[in-house]
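Colleague: Mind looking over this structure? Questions follow.
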There are 2 protein chains.
Amino acid sequence: MSRRAAPHPVIDLSADTPCCPPLAQRRVPAETAAVLAPAFKALGDPVRLRLMSMIASAAGGEACVCDLTPAFDLTGPTISHHLRTLREAGLVDAERRGTWVYYRARPAILRQLAALLTVEPGTAA
Amino acid sequence: MSRRAAPHPVIDLSADTPCCPPLAQRRVPAETAAVLAPAFKALGDPVRLRLMSMIASAAGGEACVCDLTPAFDLTGPTISHHLRTLREAGLVDAERRGTWVYYRARPAILRQLAALLTVEPGTAA
DNA sequence: CGCCTGTCTTGACGTCCGTCGAAGCAGATT
DNA sequence: AATCTGCTTCGACGGACGTCAAGACAGGCG
């Protein structure tokens with residue numbers, strides 16, 4: 001995808017962000033929050049959360065749009081819009097192979113988000 | 001807080017939700033996505049992400065609004081609004097003690113969100 | 001080439017969100 | 001009681017979001 005060079009501010013957390021300590025351990029700096037919040041925001045929609053899960057759990061590590069769309073009661077453009085949101089949040093990558101477009105999860109950022117939310121055990125609910 | 005019985009649909013994930021398997025392992029069901037997405041959405045704002053971190057990492061496990069507000073360039077009502085959002089997402093609890101209101105993180109849901117995002121190692125970025 | 005299928009973009013619409021000022025409520029102090 | 005301080009709620013405004021229909025683009029196939 002990404003027909004042109006960089007038409008949208010695609011987030012790249014995989015490299016420079018030093019995989020911040022847990023949110024409950026040290027105050028998240030404003031700059032880090034500004035970078036990470038969009039990723040959480042992208043997961044903050046039920047459709048996108050399911051899309052993310054379908055992509056991340058797909059056999060072969062990738063899922064075709066043609067397999068994702070029928071799982072929802074939404075039009076094609078709407079699914080495409082949500083996939084674009086996930087893409088711009090840096091959560092997935094897209095690749096066109098022939099007729100179909102395949103989406104693939106980016107485990108690095110998922111791990112980063114999970115690490116941020118990690119709470120050391122022993123803290124009662 | 002919660003002056004009246006249940007004026008807002010405060011989410012309660014601590015008990016009934018069986019702490020779902022990782023998002024990348026099994027497809028998140030629509031119902032689970034509908035329940036969990038609001039929590040991610042609440043974290044999807046830089047101010048709320050910082051608030052959450054300030055509360056979760058506070059000494060004694062709780063933070064006073066009077067300590068949170070001055071950390072931002074926002075008015076009191078705006079901070080109060082964000083705290084209410086975190087509260088309604090089930091991420092924090094509030095308690096009034098005398099003059100001040102103290103917020104406290106709910107580790108259970110944080111752990112649940114972290115578990116959902118967990119990716120087994122070995123998956124290259 | 002022309003058409004068909006799959007996907008994305010555009011433009012539009014209604015709704016929700018982040019922010020503020022003003023007003024309200026709860027405790028503490030005097 | 002009167003008042004002051006801390007926090008919340010209310011009402012409003014501009015901007016962003018989720019959705020769709022219509023159109024555009026890409027690749028395969030006749």
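Here, A, B, ... name the chains of the structure tokens in the order displayed, residue numbers run from 1 inside each chain, and ligands are numbered from 1 in the same displayed order.
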Find the residues in chain A near chain D: any atom within 7 Å counts, using only C-alpha atoms (C1' of nucleotides). Write them as a list in words.
Modeller: Thr78, Gly98 and Thr99 of chain A
Colleague: DSSP on the backbone: which residues in chain B end up as strand (DSSP E or B)? Give the answer as a PyMOL selection string.
Modeller: chain B and resi 62-64+92-97+100-105
Colleague: Any chance you can output those residues with N, CA and C atoms as a compact mmCIF listing (two decimals), in the first residue's frame?
Modeller:
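The resulting file, out_28.txt, is shown below:
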# COMPACT_ATOMS: atom_id res chain seq x y z
N GLU B 62 -2.69 5.96 45.12
CA GLU B 62 -3.79 6.88 44.79
C GLU B 62 -3.24 8.28 44.58
N ALA B 63 -4.00 9.06 43.81
CA ALA B 63 -3.59 10.41 43.50
C ALA B 63 -4.77 11.35 43.69
N CYS B 64 -4.47 12.54 44.21
CA CYS B 64 -5.49 13.56 44.44
C CYS B 64 -5.63 14.40 43.18
N VAL B 92 -10.40 3.36 36.69
CA VAL B 92 -10.04 3.94 37.98
C VAL B 92 -11.27 4.00 38.88
N ASP B 93 -11.01 4.16 40.16
CA ASP B 93 -12.06 4.40 41.14
C ASP B 93 -11.79 5.74 41.80
N ALA B 94 -12.86 6.39 42.24
CA ALA B 94 -12.70 7.67 42.91
C ALA B 94 -13.33 7.60 44.29
N GLU B 95 -12.72 8.35 45.19
CA GLU B 95 -13.24 8.38 46.55
C GLU B 95 -12.98 9.75 47.12
N ARG B 96 -14.00 10.30 47.74
CA ARG B 96 -13.86 11.61 48.36
C ARG B 96 -13.50 11.43 49.83
N ARG B 97 -12.44 12.08 50.26
CA ARG B 97 -12.06 12.05 51.67
C ARG B 97 -11.84 13.49 52.11
N TRP B 100 -10.72 16.62 49.52
CA TRP B 100 -10.14 16.18 48.27
C TRP B 100 -10.71 14.87 47.75
N VAL B 101 -10.59 14.70 46.47
CA VAL B 101 -11.03 13.47 45.82
C VAL B 101 -9.80 12.71 45.35
N TYR B 102 -9.75 11.44 45.71
CA TYR B 102 -8.60 10.61 45.37
C TYR B 102 -8.99 9.59 44.31
N TYR B 103 -8.12 9.41 43.35
CA TYR B 103 -8.34 8.40 42.31
C TYR B 103 -7.34 7.27 42.48
N ARG B 104 -7.83 6.07 42.17
CA ARG B 104 -7.04 4.86 42.39
C ARG B 104 -7.21 3.96 41.17
N ALA B 105 -6.14 3.37 40.72
CA ALA B 105 -6.21 2.50 39.54
C ALA B 105 -6.86 1.17 39.89
Colleague: At a cut-off of 9 Å, list the chain C residues touching chain B, using only C-alpha atoms (C1' of nucleotides), as JSON, numbers by chain.
Modeller: {"C": [18, 19, 20, 26, 27, 28]}
Colleague: Can you measure CA of Arg26 in chain B to CA of Val35 in chain A for me? One decimal in Å is fine.
Modeller: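 Interatomic distance here is 27.5 Å.
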Colleague: Could you please select, counting only C-alpha atoms, the residues of chain A within 8 Å of chain B and state them as a PyMOL selection string?
Modeller: chain A and resi 14+23-30+33-34+36-47+49-50+52-58+106-108+110-111+113-119+123-125
Colleague: Based on the selection just made, write C-alpha atoms of those residues as a short mmCIF file (atom, residue, chain, number, x, y, z; two decimals), in the first residue's frame.
Modeller:
data_model
loop_
_atom_site.label_atom_id
_atom_site.label_comp_id
_atom_site.auth_asym_id
_atom_site.auth_seq_id
_atom_site.Cartn_x
_atom_site.Cartn_y
_atom_site.Cartn_z
CA SER A 14 9.15 -0.16 16.30
CA LEU A 23 2.51 2.81 33.01
CA ALA A 24 2.08 1.96 36.68
CA GLN A 25 5.79 2.07 37.39
CA ARG A 26 6.83 5.46 36.11
CA ARG A 27 4.84 8.46 34.87
CA VAL A 28 4.41 8.32 31.12
CA PRO A 29 5.99 11.49 29.68
CA ALA A 30 3.83 13.73 27.59
CA ALA A 33 1.70 9.61 25.62
CA ALA A 34 1.29 11.59 22.43
CA LEU A 36 1.22 5.82 22.13
CA ALA A 37 -2.29 7.19 22.65
CA PRO A 38 -3.21 6.98 18.94
CA ALA A 39 -2.49 3.25 19.01
CA PHE A 40 -4.88 2.76 21.92
CA LYS A 41 -7.36 5.01 20.20
CA ALA A 42 -7.21 2.82 17.12
CA LEU A 43 -8.04 -0.19 19.27
CA GLY A 44 -10.82 1.74 20.94
CA ASP A 45 -13.46 0.72 18.43
CA PRO A 46 -15.09 -2.72 18.59
CA VAL A 47 -14.84 -3.21 14.84
CA LEU A 49 -10.41 -4.45 17.82
CA ARG A 50 -11.99 -7.44 16.08
CA MET A 52 -6.91 -6.43 14.69
CA SER A 53 -7.58 -9.78 16.32
CA MET A 54 -8.64 -11.42 13.06
CA ILE A 55 -5.46 -10.20 11.40
CA ALA A 56 -3.13 -11.03 14.27
CA SER A 57 -4.59 -14.49 14.78
CA ALA A 58 -4.89 -15.39 11.12
CA ARG A 106 3.05 -5.67 13.66
CA PRO A 107 3.92 -7.57 16.83
CA ALA A 108 6.47 -5.02 18.01
CA LEU A 110 1.54 -4.82 20.29
CA ARG A 111 4.27 -5.94 22.66
CA LEU A 113 1.42 -1.58 24.35
CA ALA A 114 1.17 -4.75 26.42
CA ALA A 115 4.34 -3.83 28.28
CA LEU A 116 2.99 -0.40 29.04
CA LEU A 117 -0.14 -1.87 30.62
CA THR A 118 1.73 -4.51 32.59
CA VAL A 119 1.05 -4.47 36.30
CA THR A 123 -1.53 -5.70 43.46
CA ALA A 124 -5.00 -6.73 44.51
CA ALA A 125 -7.95 -5.79 42.35
#
Colleague: Kindly give the distance, in Å, that separates CA of Asp73 in chain A and C1' of DG14 in chain C, rounded to a single decimal.
Modeller: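 Calculated distance between CA of Asp73 in chain A and C1' of DG14 in chain C is 19.2 Å.
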Colleague: Check the DSSP output for the backbone and give back, as a count of residues only, the residues of chain B in alpha helix (DSSP H).
Modeller: 53
Colleague: To one decimal in Å, tell me the separation between C1' of DT9 in chain C and CA of Val65 in chain A.
Modeller: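 CA of Val65 in chain A lies 16.2 Å from C1' of DT9 in chain C.
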